[in-house]
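Q: Pasting a structure here, questions to come.
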Amino acid sequence: MTAATTTRDLRALSDAHSARNYHPLPVVISAAEGAWVTDVEGRRYLDMLAAYSAVNFGHRHPRLVAAAQRQLDRVTLVSRAFDHDQFGPFCAELAALAGMDMVLPMNTGAEAVETAIKTARKWGYEVKGVPDGQAVIIAFEGNFHGRSTTIVSFSTSASSPTGTRPRWPRPWTSMWSAC
């Protein structure tokens with residue numbers, strides 16, 4: 001097989017061999033530096049998406065690359081089933097920076113939204129005294145917070161995968177009484 005190198009060829013490979021959960025822009029990035037990305041044909045673009053705000057510190061900042069390399073040289077990933085020597089100090093520093101007692105680091109935005117839902121439900125039941133099974137979470141139409149089953153059920157977007165959403169009449173309000 002000849003290596004694909006053009007936007008058209010690379011996109012054709014993606015279309016043929018990857019699930020369609022997103023509809024990417026017709027650009028194939030091959031390099032990046034700071035706020036700029038370069039496609040496979042050599043065109044430069046200002047990266048204003050910042051990985052949907054998850055990686056908004058730019059590309060390949062030397063201090064961040066060096067810190068990541070130092071960590072990768074020690075250990076790649078530690079499951080949260082274990083503690084590791086960087087986690088406690090990181091949480092303490094982040095909590096101090098945020099002016100909070102505790103923090104809950106997340107890998108994804110979907111985890112953050114799911115945790116917010118759990119926290120709101122617990123607060124409603126235990127602090128506000130909402131009767132058991134009566135909590136309601138309200139979400140605005142036209143939202144997007146991720147693709148987990150719970151979060152997708154909030155969406156009214158036509159682009160959300162309807163075959164994977166729960167089938168409640170008004171999923172963003174009635175789902176909680178069904179739980």
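Ligands are numbered from 1 in the order shown, chains are lettered A, B, ... in the order of the structure tokens, and residues start at 1 in each chain.
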Check the DSSP output for the backbone and give back, as a count of residues only, the residues of region 30-71 of chain A in helix (DSSP H, G or I).

A: 14

Q: Give me the residues near region 140-147 of chain A as a ChimeraX atom specification, where near means some atom within 7 Å (using only C-alpha atoms) and where sequence neighbours in that chain fewer than 4 positions away do not count.

A: /A:109-110,151-152,155-157

Q: Take the residues just selected and output them with all heavy atoms as a tab-separated table (two decimals), in the first residue's frame.

A:
chain	number	residue	atom	x	y	z
A	109	GLY	N	-13.97	16.35	29.29
A	109	GLY	CA	-15.08	17.23	29.63
A	109	GLY	C	-16.32	16.44	29.99
A	109	GLY	O	-17.11	16.85	30.85
A	110	ALA	N	-16.53	15.29	29.33
A	110	ALA	CA	-17.69	14.47	29.64
A	110	ALA	C	-17.65	14.01	31.10
A	110	ALA	O	-18.68	14.01	31.78
A	110	ALA	CB	-17.76	13.26	28.70
A	151	ILE	N	-24.95	12.40	28.74
A	151	ILE	CA	-24.81	13.73	28.15
A	151	ILE	C	-25.44	13.81	26.77
A	151	ILE	O	-26.08	14.79	26.43
A	151	ILE	CB	-23.33	14.14	28.14
A	151	ILE	CG1	-22.82	14.24	29.58
A	151	ILE	CG2	-23.14	15.46	27.43
A	151	ILE	CD1	-21.34	14.37	29.69
A	152	VAL	N	-25.31	12.77	25.97
A	152	VAL	CA	-25.96	12.76	24.66
A	152	VAL	C	-27.47	12.85	24.82
A	152	VAL	O	-28.16	13.46	24.00
A	152	VAL	CB	-25.53	11.51	23.85
A	152	VAL	CG1	-26.59	11.07	22.87
A	152	VAL	CG2	-24.25	11.79	23.11
A	155	SER	N	-28.92	16.28	24.55
A	155	SER	CA	-28.80	16.99	23.28
A	155	SER	C	-30.08	16.94	22.46
A	155	SER	O	-30.75	15.92	22.39
A	155	SER	CB	-27.65	16.41	22.47
A	155	SER	OG	-27.53	17.11	21.25
A	156	THR	N	-30.37	18.06	21.82
A	156	THR	CA	-31.46	18.11	20.86
A	156	THR	C	-30.91	18.28	19.45
A	156	THR	O	-31.66	18.46	18.51
A	156	THR	CB	-32.40	19.30	21.18
A	156	THR	OG1	-31.63	20.49	21.20
A	156	THR	CG2	-33.09	19.09	22.52
A	157	SER	N	-29.60	18.21	19.32
A	157	SER	CA	-28.95	18.41	18.04
A	157	SER	C	-29.24	17.25	17.10
A	157	SER	O	-29.18	16.08	17.49
A	157	SER	CB	-27.43	18.53	18.24
A	157	SER	OG	-26.77	18.50	16.99

Q: Identify, with DSSP run on backbone atoms, the residues in region 24-162 of chain A assigned to strand (DSSP E), and express the list as number ranges by chain.

A: A: 29-33, 36-39, 44-46

Q: CA of Glu126 (chain A) and CA of Leu97 (chain A) are how many Å apart?

A: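 Computed distance, CA of Glu126 (chain A) to CA of Leu97 (chain A), equals 28.7 Å.
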
Q: Quick one: of A:Ala16, A:Leu10, A:Ala68, A:Ala139, who's nearest to Glu41 (chain A), counting only C-alpha atoms?

A: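 Counting only C-alpha atoms, the residue closest to Glu41 (chain A) is A:Leu10.
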